$ cat target.tsv   # TSV, C-alpha atoms
chain	number	residue	atom	x	y	z
V	1406	ALA	CA	-60.93	21.90	-59.59
V	1407	GLN	CA	-62.17	23.22	-62.85
V	1408	THR	CA	-64.93	21.33	-64.60
V	1409	VAL	CA	-65.83	21.16	-68.25
V	1410	THR	CA	-69.30	20.07	-69.28
V	1411	GLN	CA	-70.40	18.88	-72.67
V	1412	SER	CA	-74.11	18.23	-72.46
V	1413	GLN	CA	-74.47	16.64	-75.87
V	1414	PRO	CA	-73.09	13.09	-75.88
V	1415	GLU	CA	-74.03	12.68	-79.54
V	1416	MET	CA	-74.84	15.01	-82.39
V	1417	SER	CA	-75.49	14.53	-86.07
V	1418	VAL	CA	-75.40	16.86	-89.01
V	1419	GLN	CA	-76.18	16.59	-92.67
V	1420	GLU	CA	-73.21	16.97	-94.94
V	1421	ALA	CA	-72.69	20.63	-95.95
V	1422	GLU	CA	-74.85	21.84	-93.09
V	1423	THR	CA	-73.82	23.65	-89.92
V	1424	VAL	CA	-73.68	22.19	-86.44
V	1425	THR	CA	-72.93	23.70	-83.06
V	1426	LEU	CA	-71.41	21.76	-80.20
V	1427	SER	CA	-71.93	23.10	-76.69
V	1428	CYS	CA	-69.47	23.43	-73.85
V	1429	THR	CA	-69.62	25.12	-70.49
V	1430	TYR	CA	-66.96	25.32	-67.86
V	1431	ASP	CA	-66.52	26.39	-64.31
V	1432	THR	CA	-63.53	28.31	-63.02
V	1433	SER	CA	-62.55	31.07	-60.68
V	1434	GLU	CA	-59.45	31.89	-62.68
V	1435	SER	CA	-59.32	34.91	-64.91
V	1436	ASP	CA	-56.48	33.83	-67.17
V	1437	TYR	CA	-56.95	30.59	-69.06
V	1438	TYR	CA	-57.28	29.00	-72.46
V	1439	LEU	CA	-60.06	27.03	-74.05
V	1440	PHE	CA	-59.72	24.43	-76.74
V	1441	TRP	CA	-61.66	22.13	-78.97
V	1442	TYR	CA	-59.93	18.89	-79.86
V	1443	LYS	CA	-61.04	16.33	-82.39
V	1444	GLN	CA	-60.48	12.63	-81.80
V	1445	PRO	CA	-61.23	10.56	-84.91
V	1446	PRO	CA	-61.42	6.76	-84.85
V	1447	SER	CA	-57.64	6.67	-85.02
V	1448	ARG	CA	-57.77	8.16	-81.48
V	1449	GLN	CA	-55.17	10.82	-82.33
V	1450	MET	CA	-56.11	14.05	-80.57
V	1451	ILE	CA	-56.08	16.89	-83.08
V	1452	LEU	CA	-56.29	20.52	-82.10
V	1453	VAL	CA	-59.21	22.17	-83.86
V	1454	ILE	CA	-59.23	25.64	-82.35
V	1455	ARG	CA	-58.09	27.55	-79.29
V	1456	GLN	CA	-59.25	30.69	-77.55
V	1457	GLU	CA	-57.40	32.86	-75.09
V	1458	ALA	CA	-59.75	34.02	-72.34
V	1459	TYR	CA	-58.38	37.55	-72.42
V	1460	LYS	CA	-59.36	37.94	-76.06
V	1461	GLN	CA	-62.89	39.06	-76.69
V	1462	GLN	CA	-62.81	38.22	-80.36
V	1463	ASN	CA	-64.02	34.75	-81.17
V	1464	ALA	CA	-61.42	32.47	-82.71
V	1465	THR	CA	-61.96	31.11	-86.20
V	1466	GLU	CA	-60.12	28.48	-88.21
V	1467	ASN	CA	-61.54	28.04	-91.69
V	1468	ARG	CA	-64.87	26.22	-91.24
V	1469	PHE	CA	-64.53	26.13	-87.47
V	1470	SER	CA	-65.46	29.00	-85.20
V	1471	VAL	CA	-66.28	29.45	-81.57
V	1472	ASN	CA	-68.77	31.48	-79.63
V	1473	PHE	CA	-66.95	32.43	-76.45
V	1474	GLN	CA	-69.11	33.95	-73.77
V	1475	LYS	CA	-66.77	34.56	-70.84
V	1476	ALA	CA	-69.36	35.82	-68.39
V	1477	ALA	CA	-71.57	32.83	-69.08
V	1478	LYS	CA	-68.54	30.50	-69.15
V	1479	SER	CA	-69.69	29.09	-72.42
V	1480	PHE	CA	-67.52	28.00	-75.32
V	1481	SER	CA	-69.41	26.48	-78.23
V	1482	LEU	CA	-67.94	25.21	-81.49
V	1483	LYS	CA	-69.61	25.86	-84.81
V	1484	ILE	CA	-68.71	23.69	-87.77
V	1485	SER	CA	-69.84	25.12	-91.07
V	1486	ASP	CA	-70.19	23.21	-94.34
V	1487	SER	CA	-69.77	19.92	-92.51
V	1488	GLN	CA	-67.73	17.29	-94.26
V	1489	LEU	CA	-67.63	13.53	-93.84
V	1490	GLY	CA	-64.14	13.85	-92.43
V	1491	ASP	CA	-65.47	15.95	-89.57
V	1492	ALA	CA	-67.05	12.86	-88.04
V	1493	ALA	CA	-65.25	12.28	-84.76
V	1494	MET	CA	-65.38	12.72	-81.05
V	1495	TYR	CA	-64.99	16.37	-80.08
V	1496	PHE	CA	-63.59	17.34	-76.72
V	1497	CYS	CA	-63.84	20.75	-75.16
V	1498	ALA	CA	-60.88	21.49	-72.91
V	1499	TYR	CA	-59.88	24.11	-70.40
V	1500	HIS	CA	-56.29	24.96	-69.51
V	1501	GLY	CA	-55.39	27.11	-66.51
V	1502	ASN	CA	-52.39	25.32	-65.06
V	1503	GLN	CA	-53.35	21.95	-66.54
V	1504	PHE	CA	-55.83	20.50	-68.98
V	1505	TYR	CA	-59.37	19.60	-67.98
V	1506	PHE	CA	-61.39	17.86	-70.65
V	1507	GLY	CA	-65.11	17.47	-71.14
V	1508	THR	CA	-66.67	14.06	-71.71
V	1509	GLY	CA	-66.90	14.59	-75.42
V	1510	THR	CA	-69.53	14.86	-78.13
V	1511	SER	CA	-69.67	12.21	-80.81
V	1512	LEU	CA	-70.41	13.88	-84.12
V	1513	THR	CA	-71.91	11.93	-86.99
V	1514	VAL	CA	-71.98	13.44	-90.46
V	1515	ILE	CA	-74.78	12.12	-92.63
V	1516	PRO	CA	-74.02	11.97	-96.37
X	540	GLY	CA	-43.46	19.44	-87.16
X	541	ALA	CA	-44.27	18.72	-83.50
X	542	VAL	CA	-44.96	15.03	-83.88
X	543	VAL	CA	-45.36	12.79	-80.87
X	544	SER	CA	-45.37	9.03	-81.19
X	545	GLN	CA	-46.31	6.27	-78.81
X	546	HIS	CA	-45.26	2.66	-78.77
X	547	PRO	CA	-46.90	0.24	-78.74
X	548	SER	CA	-50.20	1.35	-80.20
X	549	ARG	CA	-51.92	-1.49	-78.45
X	550	VAL	CA	-50.85	-4.15	-76.02
X	551	ILE	CA	-52.49	-7.13	-74.40
X	552	CYS	CA	-50.94	-8.56	-71.28
X	553	LYS	CA	-51.72	-10.99	-68.53
X	554	SER	CA	-52.76	-9.86	-65.11
X	555	GLY	CA	-49.78	-9.39	-62.83
X	556	THR	CA	-47.29	-8.51	-65.52
X	557	SER	CA	-45.78	-5.09	-66.17
X	558	VAL	CA	-46.18	-3.12	-69.35
X	559	LYS	CA	-44.04	-0.26	-70.60
X	560	ILE	CA	-45.42	2.43	-72.91
X	561	GLU	CA	-43.08	4.81	-74.67
X	562	CYS	CA	-43.78	8.39	-75.66
X	563	ARG	CA	-41.39	10.09	-78.03
X	564	SER	CA	-41.18	13.58	-79.43
X	565	LEU	CA	-39.89	12.99	-82.95
X	566	ASP	CA	-38.86	16.42	-84.16
X	567	PHE	CA	-38.50	18.50	-81.05
X	568	GLN	CA	-37.13	18.27	-77.57
X	569	ALA	CA	-39.80	17.97	-74.93
X	570	THR	CA	-38.83	19.29	-71.55
X	571	THR	CA	-42.23	18.34	-70.21
X	572	MET	CA	-44.42	15.39	-71.06
X	573	PHE	CA	-47.85	14.55	-69.75
X	574	TRP	CA	-49.62	11.25	-69.35
X	575	TYR	CA	-53.38	10.96	-69.63
X	576	ARG	CA	-55.78	8.11	-69.21
X	577	GLN	CA	-59.00	7.85	-71.17
X	578	PHE	CA	-61.76	5.49	-70.13
X	579	PRO	CA	-64.29	4.34	-72.73
X	580	LYS	CA	-66.64	7.16	-73.62
X	581	LYS	CA	-64.99	9.35	-71.02
X	582	SER	CA	-62.77	12.36	-71.07
X	583	LEU	CA	-59.02	12.38	-70.70
X	584	MET	CA	-57.76	12.55	-67.15
X	585	LEU	CA	-54.29	13.85	-66.40
X	586	MET	CA	-52.30	11.22	-64.55
X	587	ALA	CA	-48.92	12.86	-64.18
X	588	THR	CA	-46.54	15.46	-65.45
X	589	SER	CA	-42.95	14.50	-66.10
X	590	ASN	CA	-40.06	16.88	-66.50
X	591	GLU	CA	-36.82	15.70	-68.03
X	592	GLY	CA	-34.34	14.65	-65.40
X	593	SER	CA	-36.64	14.96	-62.43
X	594	LYS	CA	-39.35	12.98	-60.71
X	595	ALA	CA	-42.82	13.02	-62.13
X	596	THR	CA	-45.61	14.91	-60.44
X	597	TYR	CA	-48.66	12.73	-60.00
X	598	GLU	CA	-52.24	13.87	-59.80
X	599	GLN	CA	-54.29	13.08	-56.75
X	600	GLY	CA	-55.52	9.52	-56.74
X	601	VAL	CA	-52.88	8.20	-59.13
X	602	GLU	CA	-50.65	5.56	-57.56
X	603	LYS	CA	-47.06	6.50	-58.28
X	604	ASP	CA	-45.82	3.01	-57.43
X	605	LYS	CA	-48.21	1.47	-59.91
X	606	PHE	CA	-47.69	3.91	-62.75
X	607	LEU	CA	-43.96	4.46	-62.97
X	608	ILE	CA	-42.92	7.37	-65.15
X	609	ASN	CA	-39.42	7.98	-66.38
X	610	HIS	CA	-38.35	10.97	-68.47
X	611	ALA	CA	-34.70	10.23	-68.95
X	612	SER	CA	-34.15	12.20	-72.12
X	613	LEU	CA	-35.58	15.22	-73.86
X	614	THR	CA	-37.32	13.05	-76.42
X	615	LEU	CA	-38.51	10.06	-74.44
X	616	SER	CA	-40.83	9.45	-71.52
X	617	THR	CA	-42.00	6.01	-70.45
X	618	LEU	CA	-44.99	4.91	-68.47
X	619	THR	CA	-44.73	1.49	-66.85
X	620	VAL	CA	-47.89	-0.08	-65.53
X	621	THR	CA	-46.65	-2.43	-62.85
X	622	SER	CA	-48.48	-5.58	-61.81
X	623	ALA	CA	-51.24	-4.77	-64.22
X	624	HIS	CA	-54.82	-5.71	-63.40
X	625	PRO	CA	-57.91	-5.78	-65.62
X	626	GLU	CA	-59.05	-2.46	-64.16
X	627	ASP	CA	-55.91	-0.88	-65.61
X	628	SER	CA	-57.24	-1.59	-69.08
X	629	SER	CA	-57.62	1.77	-70.72
X	630	PHE	CA	-56.38	4.11	-73.40
X	631	TYR	CA	-53.23	5.95	-72.39
X	632	ILE	CA	-52.28	9.15	-74.17
X	633	CYS	CA	-49.15	11.21	-73.77
X	634	SER	CA	-48.52	14.78	-74.78
X	635	ALA	CA	-45.40	16.86	-74.96
X	636	ARG	CA	-44.48	20.49	-74.67
X	637	ALA	CA	-41.48	22.04	-76.36
X	638	PRO	CA	-39.11	24.45	-74.62
X	639	GLY	CA	-40.10	28.05	-74.97
X	640	GLN	CA	-43.70	27.24	-75.63
X	641	THR	CA	-46.42	28.17	-73.24
X	642	GLN	CA	-47.79	25.56	-70.92
X	643	GLU	CA	-51.03	25.06	-72.78
X	644	THR	CA	-49.34	24.22	-76.07
X	645	GLN	CA	-49.17	20.45	-76.01
X	646	TYR	CA	-48.82	17.96	-78.81
X	647	PHE	CA	-50.63	14.70	-78.29
X	648	GLY	CA	-49.48	11.23	-79.16
X	649	PRO	CA	-51.76	8.73	-80.88
X	650	GLY	CA	-52.39	6.79	-77.70
X	651	THR	CA	-51.81	3.25	-76.50
X	652	ARG	CA	-54.64	0.86	-75.83
X	653	LEU	CA	-53.88	-1.48	-72.96
X	654	LEU	CA	-55.93	-4.59	-72.35
X	655	VAL	CA	-55.15	-6.63	-69.26
X	656	LEU	CA	-56.57	-10.13	-69.24

$ encode --input "target.tsv" --output "structure tokens"
Amino acid sequence: AQTVTQSQPEMSVQEAETVTLSCTYDTSESDYYLFWYKQPPSRQMILVIRQEAYKQQNATENRFSVNFQKAAKSFSLKISDSQLGDAAMYFCAYHGNQFYFGTGTSLTVIP
Amino acid sequence: GAVVSQHPSRVICKSGTSVKIECRSLDFQATTMFWYRQFPKKSLMLMATSNEGSKATYEQGVEKDKFLINHASLTLSTLTVTSAHPEDSSFYICSARAPGQTQETQYFGPGTRLLVL
């Protein structure tokens, strides 16, 4: 089975600063998707950004961008200009034929 | 668009009773719905995949007789935890996929917290 590893259980960032959340995964598949989901205290899973493995260009969504290194099986999330509302649990996820989620990184934004 | 709701948002029940959790797609028809379980400070684990009108497909290690899944309509799937025990206490999340969308496009519900006393 595929595995997704988030090695940072907790991270903090000063408001307006930039933070990078790490994620690595293990797979033998060549065609898959990678995601970052945000889970605020409300527990609603919110899609932040997605990346198709066949695309070399890194996905970006406003203040959120990824650094996708396919050979290294690395998929980090960069949050620029951090805002208080970014505070949440962030899950990295892999989808080949089903979702596999990492254990999450709890992000604290310091005012 | 693409809103998924769950009911109830939280439920407390006594050990040995059964609890039903509903997952509804509010503004689209979901041919496939997924049920996940999230332990405290843990990742989401896929429990089962349910397709409208057919039996659910359960992941390895998930007891199908304990976690009954019914997907009787294109907008509703239910998860019934039968004879609940304290170890079943968890956060249950459903997701739904609309027809014509690729498999990885799923919309998540807000989750249901189950506490079994």

$ atom_distance --input "target.tsv" --atom1 "atom CA of X:Gly600" --atom2 "atom CA of X:Cys562"
22.3 Å

$ interface_residues --input "target.tsv" --of "chain V" --to "chain X" --cutoff "8 Å" --atoms "only C-alpha atoms" --output "list of chain:residue names"
V:Tyr1438, V:Ser1447, V:Arg1448, V:Gln1449, V:Met1450, V:Ile1451, V:Phe1496, V:His1500, V:Gly1501, V:Asn1502, V:Gln1503, V:Phe1504, V:Tyr1505, V:Phe1506, V:Gly1507, V:Thr1508, V:Gly1509

$ residues_around --input "target.tsv" --residues "stretch 1410-1426 of chain V" --least-positions-apart "6" --cutoff "8 Å" --atoms "all atoms listed in the file" --output "number ranges by chain"
V: 1481-1489, 1497, 1507-1516

$ atom_distance --input "target.tsv" --atom1 "atom CA of X:Cys633" --atom2 "atom CA of X:Lys553"
23.0 Å

$ atom_distance --input "target.tsv" --atom1 "atom CA of X:Leu613" --atom2 "atom CA of X:Lys559"
17.9 Å

$ residues_around --input "target.tsv" --residues "X:Lys594" --least-positions-apart "3" --cutoff "12 Å" --atoms "all atoms listed in the file" --output "short mmCIF file (atom, residue, chain, number, x, y, z; two decimals) with C-alpha atoms, in the frame of the given file"
data_model
loop_
_atom_site.label_atom_id
_atom_site.label_comp_id
_atom_site.auth_asym_id
_atom_site.auth_seq_id
_atom_site.Cartn_x
_atom_site.Cartn_y
_atom_site.Cartn_z
CA THR X 571 -42.23 18.34 -70.21
CA MET X 572 -44.42 15.39 -71.06
CA ALA X 587 -48.92 12.86 -64.18
CA THR X 588 -46.54 15.46 -65.45
CA SER X 589 -42.95 14.50 -66.10
CA ASN X 590 -40.06 16.88 -66.50
CA GLU X 591 -36.82 15.70 -68.03
CA TYR X 597 -48.66 12.73 -60.00
CA LYS X 603 -47.06 6.50 -58.28
CA LEU X 607 -43.96 4.46 -62.97
CA ILE X 608 -42.92 7.37 -65.15
CA ASN X 609 -39.42 7.98 -66.38
CA HIS X 610 -38.35 10.97 -68.47
CA ALA X 611 -34.70 10.23 -68.95
CA SER X 616 -40.83 9.45 -71.52
#

$ closest_residue --input "target.tsv" --among "X:Gln568, X:Thr621, X:Ser557, X:Ser548" --to "X:Gly639" --atoms "all atoms listed in the file"
X:Gln568

$ build_atoms --input "target.tsv" --residues "stretch 1487-1513 of chain V" --atoms "N, CA, C and O atoms" --output "PDB file, in the frame of the given file"
ATOM      1  N   SER V1487     -70.290  21.171 -93.074  1.00  0.00           N
ATOM      2  CA  SER V1487     -69.770  19.920 -92.510  1.00  0.00           C
ATOM      3  C   SER V1487     -69.362  18.935 -93.593  1.00  0.00           C
ATOM      4  O   SER V1487     -70.045  18.777 -94.620  1.00  0.00           O
ATOM      5  N   GLN V1488     -68.258  18.279 -93.334  1.00  0.00           N
ATOM      6  CA  GLN V1488     -67.730  17.290 -94.260  1.00  0.00           C
ATOM      7  C   GLN V1488     -67.674  15.930 -93.583  1.00  0.00           C
ATOM      8  O   GLN V1488     -67.644  15.839 -92.356  1.00  0.00           O
ATOM      9  N   LEU V1489     -67.647  14.885 -94.399  1.00  0.00           N
ATOM     10  CA  LEU V1489     -67.630  13.530 -93.840  1.00  0.00           C
ATOM     11  C   LEU V1489     -66.428  13.325 -92.913  1.00  0.00           C
ATOM     12  O   LEU V1489     -66.510  12.615 -91.921  1.00  0.00           O
ATOM     13  N   GLY V1490     -65.340  13.983 -93.248  1.00  0.00           N
ATOM     14  CA  GLY V1490     -64.140  13.850 -92.430  1.00  0.00           C
ATOM     15  C   GLY V1490     -64.236  14.540 -91.084  1.00  0.00           C
ATOM     16  O   GLY V1490     -63.351  14.381 -90.238  1.00  0.00           O
ATOM     17  N   ASP V1491     -65.301  15.290 -90.878  1.00  0.00           N
ATOM     18  CA  ASP V1491     -65.470  15.950 -89.570  1.00  0.00           C
ATOM     19  C   ASP V1491     -66.028  14.975 -88.532  1.00  0.00           C
ATOM     20  O   ASP V1491     -66.042  15.281 -87.340  1.00  0.00           O
ATOM     21  N   ALA V1492     -66.493  13.839 -88.980  1.00  0.00           N
ATOM     22  CA  ALA V1492     -67.050  12.860 -88.040  1.00  0.00           C
ATOM     23  C   ALA V1492     -65.968  12.411 -87.069  1.00  0.00           C
ATOM     24  O   ALA V1492     -64.909  11.937 -87.470  1.00  0.00           O
ATOM     25  N   ALA V1493     -66.244  12.588 -85.799  1.00  0.00           N
ATOM     26  CA  ALA V1493     -65.250  12.280 -84.760  1.00  0.00           C
ATOM     27  C   ALA V1493     -65.853  12.578 -83.409  1.00  0.00           C
ATOM     28  O   ALA V1493     -66.985  13.041 -83.296  1.00  0.00           O
ATOM     29  N   MET V1494     -65.052  12.305 -82.401  1.00  0.00           N
ATOM     30  CA  MET V1494     -65.380  12.720 -81.050  1.00  0.00           C
ATOM     31  C   MET V1494     -64.747  14.083 -80.851  1.00  0.00           C
ATOM     32  O   MET V1494     -63.582  14.277 -81.204  1.00  0.00           O
ATOM     33  N   TYR V1495     -65.510  15.028 -80.312  1.00  0.00           N
ATOM     34  CA  TYR V1495     -64.990  16.370 -80.080  1.00  0.00           C
ATOM     35  C   TYR V1495     -64.945  16.637 -78.577  1.00  0.00           C
ATOM     36  O   TYR V1495     -65.950  16.480 -77.869  1.00  0.00           O
ATOM     37  N   PHE V1496     -63.780  17.045 -78.137  1.00  0.00           N
ATOM     38  CA  PHE V1496     -63.590  17.340 -76.720  1.00  0.00           C
ATOM     39  C   PHE V1496     -63.348  18.838 -76.526  1.00  0.00           C
ATOM     40  O   PHE V1496     -62.491  19.430 -77.186  1.00  0.00           O
ATOM     41  N   CYS V1497     -64.083  19.392 -75.613  1.00  0.00           N
ATOM     42  CA  CYS V1497     -63.840  20.750 -75.160  1.00  0.00           C
ATOM     43  C   CYS V1497     -62.836  20.659 -74.008  1.00  0.00           C
ATOM     44  O   CYS V1497     -62.920  19.734 -73.174  1.00  0.00           O
ATOM     45  N   ALA V1498     -61.898  21.568 -73.955  1.00  0.00           N
ATOM     46  CA  ALA V1498     -60.880  21.490 -72.910  1.00  0.00           C
ATOM     47  C   ALA V1498     -60.554  22.875 -72.376  1.00  0.00           C
ATOM     48  O   ALA V1498     -60.571  23.864 -73.113  1.00  0.00           O
ATOM     49  N   TYR V1499     -60.258  22.897 -71.102  1.00  0.00           N
ATOM     50  CA  TYR V1499     -59.880  24.110 -70.400  1.00  0.00           C
ATOM     51  C   TYR V1499     -58.444  23.959 -69.934  1.00  0.00           C
ATOM     52  O   TYR V1499     -58.036  22.876 -69.484  1.00  0.00           O
ATOM     53  N   HIS V1500     -57.664  25.016 -70.029  1.00  0.00           N
ATOM     54  CA  HIS V1500     -56.290  24.960 -69.510  1.00  0.00           C
ATOM     55  C   HIS V1500     -56.025  26.220 -68.702  1.00  0.00           C
ATOM     56  O   HIS V1500     -56.016  27.329 -69.233  1.00  0.00           O
ATOM     57  N   GLY V1501     -55.841  26.041 -67.383  1.00  0.00           N
ATOM     58  CA  GLY V1501     -55.390  27.110 -66.510  1.00  0.00           C
ATOM     59  C   GLY V1501     -53.942  26.825 -66.158  1.00  0.00           C
ATOM     60  O   GLY V1501     -53.008  27.427 -66.660  1.00  0.00           O
ATOM     61  N   ASN V1502     -53.743  25.836 -65.305  1.00  0.00           N
ATOM     62  CA  ASN V1502     -52.390  25.320 -65.060  1.00  0.00           C
ATOM     63  C   ASN V1502     -52.268  23.872 -65.539  1.00  0.00           C
ATOM     64  O   ASN V1502     -51.189  23.297 -65.507  1.00  0.00           O
ATOM     65  N   GLN V1503     -53.362  23.282 -65.937  1.00  0.00           N
ATOM     66  CA  GLN V1503     -53.350  21.950 -66.540  1.00  0.00           C
ATOM     67  C   GLN V1503     -54.626  21.802 -67.358  1.00  0.00           C
ATOM     68  O   GLN V1503     -55.539  22.635 -67.257  1.00  0.00           O
ATOM     69  N   PHE V1504     -54.659  20.747 -68.138  1.00  0.00           N
ATOM     70  CA  PHE V1504     -55.830  20.500 -68.980  1.00  0.00           C
ATOM     71  C   PHE V1504     -56.945  19.822 -68.190  1.00  0.00           C
ATOM     72  O   PHE V1504     -56.709  18.887 -67.417  1.00  0.00           O
ATOM     73  N   TYR V1505     -58.171  20.294 -68.424  1.00  0.00           N
ATOM     74  CA  TYR V1505     -59.370  19.600 -67.980  1.00  0.00           C
ATOM     75  C   TYR V1505     -60.237  19.413 -69.224  1.00  0.00           C
ATOM     76  O   TYR V1505     -60.510  20.370 -69.942  1.00  0.00           O
ATOM     77  N   PHE V1506     -60.644  18.181 -69.451  1.00  0.00           N
ATOM     78  CA  PHE V1506     -61.390  17.860 -70.650  1.00  0.00           C
ATOM     79  C   PHE V1506     -62.854  17.574 -70.319  1.00  0.00           C
ATOM     80  O   PHE V1506     -63.164  17.038 -69.245  1.00  0.00           O
ATOM     81  N   GLY V1507     -63.732  17.907 -71.252  1.00  0.00           N
ATOM     82  CA  GLY V1507     -65.110  17.470 -71.140  1.00  0.00           C
ATOM     83  C   GLY V1507     -65.233  16.009 -71.520  1.00  0.00           C
ATOM     84  O   GLY V1507     -64.248  15.365 -71.895  1.00  0.00           O
ATOM     85  N   THR V1508     -66.445  15.489 -71.435  1.00  0.00           N
ATOM     86  CA  THR V1508     -66.670  14.060 -71.710  1.00  0.00           C
ATOM     87  C   THR V1508     -66.859  13.767 -73.179  1.00  0.00           C
ATOM     88  O   THR V1508     -66.991  12.615 -73.567  1.00  0.00           O
ATOM     89  N   GLY V1509     -66.875  14.808 -74.000  1.00  0.00           N
ATOM     90  CA  GLY V1509     -66.900  14.590 -75.420  1.00  0.00           C
ATOM     91  C   GLY V1509     -68.284  14.574 -76.044  1.00  0.00           C
ATOM     92  O   GLY V1509     -69.279  14.253 -75.399  1.00  0.00           O
ATOM     93  N   THR V1510     -68.327  14.941 -77.309  1.00  0.00           N
ATOM     94  CA  THR V1510     -69.530  14.860 -78.130  1.00  0.00           C
ATOM     95  C   THR V1510     -69.178  14.081 -79.378  1.00  0.00           C
ATOM     96  O   THR V1510     -68.243  14.453 -80.092  1.00  0.00           O
ATOM     97  N   SER V1511     -69.903  13.022 -79.613  1.00  0.00           N
ATOM     98  CA  SER V1511     -69.670  12.210 -80.810  1.00  0.00           C
ATOM     99  C   SER V1511     -70.467  12.800 -81.961  1.00  0.00           C
ATOM    100  O   SER V1511     -71.695  12.845 -81.919  1.00  0.00           O
ATOM    101  N   LEU V1512     -69.760  13.259 -82.979  1.00  0.00           N
ATOM    102  CA  LEU V1512     -70.410  13.880 -84.120  1.00  0.00           C
ATOM    103  C   LEU V1512     -70.477  12.915 -85.295  1.00  0.00           C
ATOM    104  O   LEU V1512     -69.457  12.366 -85.726  1.00  0.00           O
ATOM    105  N   THR V1513     -71.672  12.728 -85.794  1.00  0.00           N
ATOM    106  CA  THR V1513     -71.910  11.930 -86.990  1.00  0.00           C
ATOM    107  C   THR V1513     -72.276  12.860 -88.132  1.00  0.00           C
ATOM    108  O   THR V1513     -73.094  13.763 -87.957  1.00  0.00           O
TER     109      THR V1513
END
